[in-house]
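Engineer: Below are the structure tokens for one structure; questions will follow.
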Amino acid sequence: MQYCDKLESDLIIINPSKLSDLPQFNNIPKWKIINRTRKRLENLSGLADSEDINIGFEFLSESSIPTLIDAIEVLSPMESIENLGYIVDSFHIAKSK
């Protein structure tokens with residue numbers, strides 16, 4: 001948050017974890033990944049809101065949230081959080097088919 005303030009930026013882009021980097025976590029159920037991701041985004045959103053900073057969530061094709069459908073599942077219940085939204089990178093949409 002301090003870097004955003006110094007750089008006069010009002011956006012932090014959050015990417016989900018790459019599970020391929022953590023082989024011991026490859027068997028985590030999708031529902032648990034979704035719930036953990038929501039909780040973390042809610043926490044970050046609360047911290048960022050007090051600094052008037054937005055959080056952009058970007059799914060990545062080779063991560064724990066690999067598709068736009070998964071990203072929608074994560075963010076849909078949190079649509080009332082004003083400083084939280086999607087970052088949609090057309091490369092990752094094409095890569096995740």
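Following the order of the structure tokens, chains are lettered A, B, ..., residues in each are numbered from 1, and ligands are numbered from 1.
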I'd like the contact shell of range 55-57 of chain A - 8 Å cut-off, only C-alpha atoms, skipping same-chain residues fewer than 4 positions apart - returned as number ranges by chain.

Structural biologist: A: 11-15, 44-45, 48, 71, 83-87

Engineer: Residues near range 29-35 of chain A, anyone? I mean within 12 Å using only C-alpha atoms, not counting same-chain ones fewer than 6 positions away, as a list in words.

Structural biologist: Pro16, Ser17, Lys18, Leu19, Leu41, Glu42, Phe59, Ser63, Ser64, Ile65, Pro66, Ile69, Asp70, Ala71, Ile72, Glu73, Val74, Leu75, Ser76, Pro77 and Met78 of chain A

Engineer: Nearest residue to Ser61 in chain A out of A:Leu7, A:Ile28, A:Ala94, A:Met1, using only C-alpha atoms?

Structural biologist: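 With only C-alpha atoms as the atom set, the closest residue is A:Ala94.
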
Engineer: Could you tell me which of A:Gln2, A:Thr67, A:Ser90, A:Ser9 comes closest to Asn54 in chain A if we count only C-alpha atoms?

Structural biologist: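 Looking at the shortest contact to Asn54 in chain A, the residue is A:Ser9.
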
Engineer: Would you return as a compact mmCIF listing (two decimals) with C-alpha atoms, in the first residue's frame the members of chain A that DSSP assigns to alpha helix (DSSP H) on this structure's backbone?

Structural biologist:
# COMPACT_ATOMS: atom_id res chain seq x y z
CA GLN A 2 2.91 2.31 0.76
CA TYR A 3 4.36 1.74 -2.72
CA CYS A 4 1.01 2.63 -4.30
CA ASP A 5 0.96 5.85 -2.30
CA LYS A 6 4.52 6.76 -3.31
CA LEU A 7 3.87 5.90 -6.97
CA LYS A 30 -11.45 -26.54 -5.99
CA TRP A 31 -14.04 -25.38 -3.40
CA LYS A 32 -11.27 -24.89 -0.84
CA ILE A 33 -9.17 -22.89 -3.31
CA ILE A 34 -12.19 -20.70 -4.12
CA ASN A 35 -12.96 -20.08 -0.43
CA ARG A 36 -9.34 -19.28 0.45
CA THR A 37 -9.03 -16.94 -2.50
CA ARG A 38 -12.23 -15.10 -1.50
CA LYS A 39 -11.05 -14.70 2.08
CA ARG A 40 -7.67 -13.35 0.99
CA LEU A 41 -9.24 -10.93 -1.49
CA GLU A 42 -11.67 -9.68 1.16
CA ASN A 43 -8.77 -9.04 3.56
CA LEU A 44 -6.71 -7.26 0.92
CA SER A 45 -9.71 -5.26 -0.21
CA GLY A 46 -10.31 -4.04 3.33
CA LEU A 47 -6.71 -2.92 3.72
CA ALA A 48 -6.68 -1.25 0.31
CA ASP A 49 -10.03 0.49 0.83
CA LEU A 68 -12.62 -16.64 -16.30
CA ILE A 69 -15.42 -18.95 -15.10
CA ASP A 70 -13.37 -19.71 -11.96
CA ALA A 71 -12.65 -16.01 -11.43
CA ILE A 72 -16.37 -15.25 -11.70
CA GLU A 73 -17.06 -17.96 -9.12
CA VAL A 74 -14.56 -16.30 -6.78
CA LEU A 75 -15.76 -12.71 -7.21
CA SER A 90 -7.08 -11.44 -23.47
CA PHE A 91 -3.92 -13.56 -23.67
CA HIS A 92 -4.99 -15.57 -20.63
CA ILE A 93 -8.54 -15.91 -21.96
CA ALA A 94 -7.20 -17.38 -25.19
CA LYS A 95 -4.71 -19.61 -23.37
CA SER A 96 -7.38 -21.03 -21.02

Engineer: Just list as a list in words whatever in chain A DSSP marks as strand (DSSP E or B).

Structural biologist: Leu11, Ile12, Ile13, Ile14, Asn54, Ile55, Gly56, Phe57, Leu84, Gly85 and Tyr86 of chain A

Engineer: Deliver the residues from the most recent selection as a file, using N, CA and C atoms, as a PDB file, in the first residue's frame.

Structural biologist:
ATOM      1  N   LEU A  11      -4.213   1.188  -8.009  1.00  0.00           N
ATOM      2  CA  LEU A  11      -4.580  -0.178  -8.388  1.00  0.00           C
ATOM      3  C   LEU A  11      -3.471  -1.160  -8.048  1.00  0.00           C
ATOM      4  N   ILE A  12      -3.877  -2.251  -7.415  1.00  0.00           N
ATOM      5  CA  ILE A  12      -2.989  -3.387  -7.187  1.00  0.00           C
ATOM      6  C   ILE A  12      -3.603  -4.572  -7.917  1.00  0.00           C
ATOM      7  N   ILE A  13      -2.814  -5.248  -8.745  1.00  0.00           N
ATOM      8  CA  ILE A  13      -3.284  -6.433  -9.457  1.00  0.00           C
ATOM      9  C   ILE A  13      -2.845  -7.665  -8.673  1.00  0.00           C
ATOM     10  N   ILE A  14      -3.817  -8.515  -8.364  1.00  0.00           N
ATOM     11  CA  ILE A  14      -3.576  -9.732  -7.605  1.00  0.00           C
ATOM     12  C   ILE A  14      -3.712 -10.925  -8.543  1.00  0.00           C
ATOM     13  N   ASN A  54      -7.706   0.372  -5.347  1.00  0.00           N
ATOM     14  CA  ASN A  54      -8.519  -0.698  -5.928  1.00  0.00           C
ATOM     15  C   ASN A  54      -7.710  -1.982  -6.056  1.00  0.00           C
ATOM     16  N   ILE A  55      -8.424  -3.108  -5.996  1.00  0.00           N
ATOM     17  CA  ILE A  55      -7.812  -4.421  -6.167  1.00  0.00           C
ATOM     18  C   ILE A  55      -8.375  -5.028  -7.451  1.00  0.00           C
ATOM     19  N   GLY A  56      -7.488  -5.378  -8.373  1.00  0.00           N
ATOM     20  CA  GLY A  56      -7.880  -6.066  -9.597  1.00  0.00           C
ATOM     21  C   GLY A  56      -7.438  -7.515  -9.513  1.00  0.00           C
ATOM     22  N   PHE A  57      -8.378  -8.434  -9.695  1.00  0.00           N
ATOM     23  CA  PHE A  57      -8.069  -9.868  -9.618  1.00  0.00           C
ATOM     24  C   PHE A  57      -7.934 -10.408 -11.038  1.00  0.00           C
ATOM     25  N   LEU A  84     -13.051  -3.833  -5.557  1.00  0.00           N
ATOM     26  CA  LEU A  84     -12.590  -5.141  -6.015  1.00  0.00           C
ATOM     27  C   LEU A  84     -13.223  -5.471  -7.363  1.00  0.00           C
ATOM     28  N   GLY A  85     -12.393  -5.874  -8.331  1.00  0.00           N
ATOM     29  CA  GLY A  85     -12.926  -6.198  -9.649  1.00  0.00           C
ATOM     30  C   GLY A  85     -11.980  -7.096 -10.426  1.00  0.00           C
ATOM     31  N   TYR A  86     -12.341  -7.322 -11.674  1.00  0.00           N
ATOM     32  CA  TYR A  86     -11.601  -8.226 -12.558  1.00  0.00           C
ATOM     33  C   TYR A  86     -10.540  -7.467 -13.350  1.00  0.00           C
TER      34      TYR A  86
END
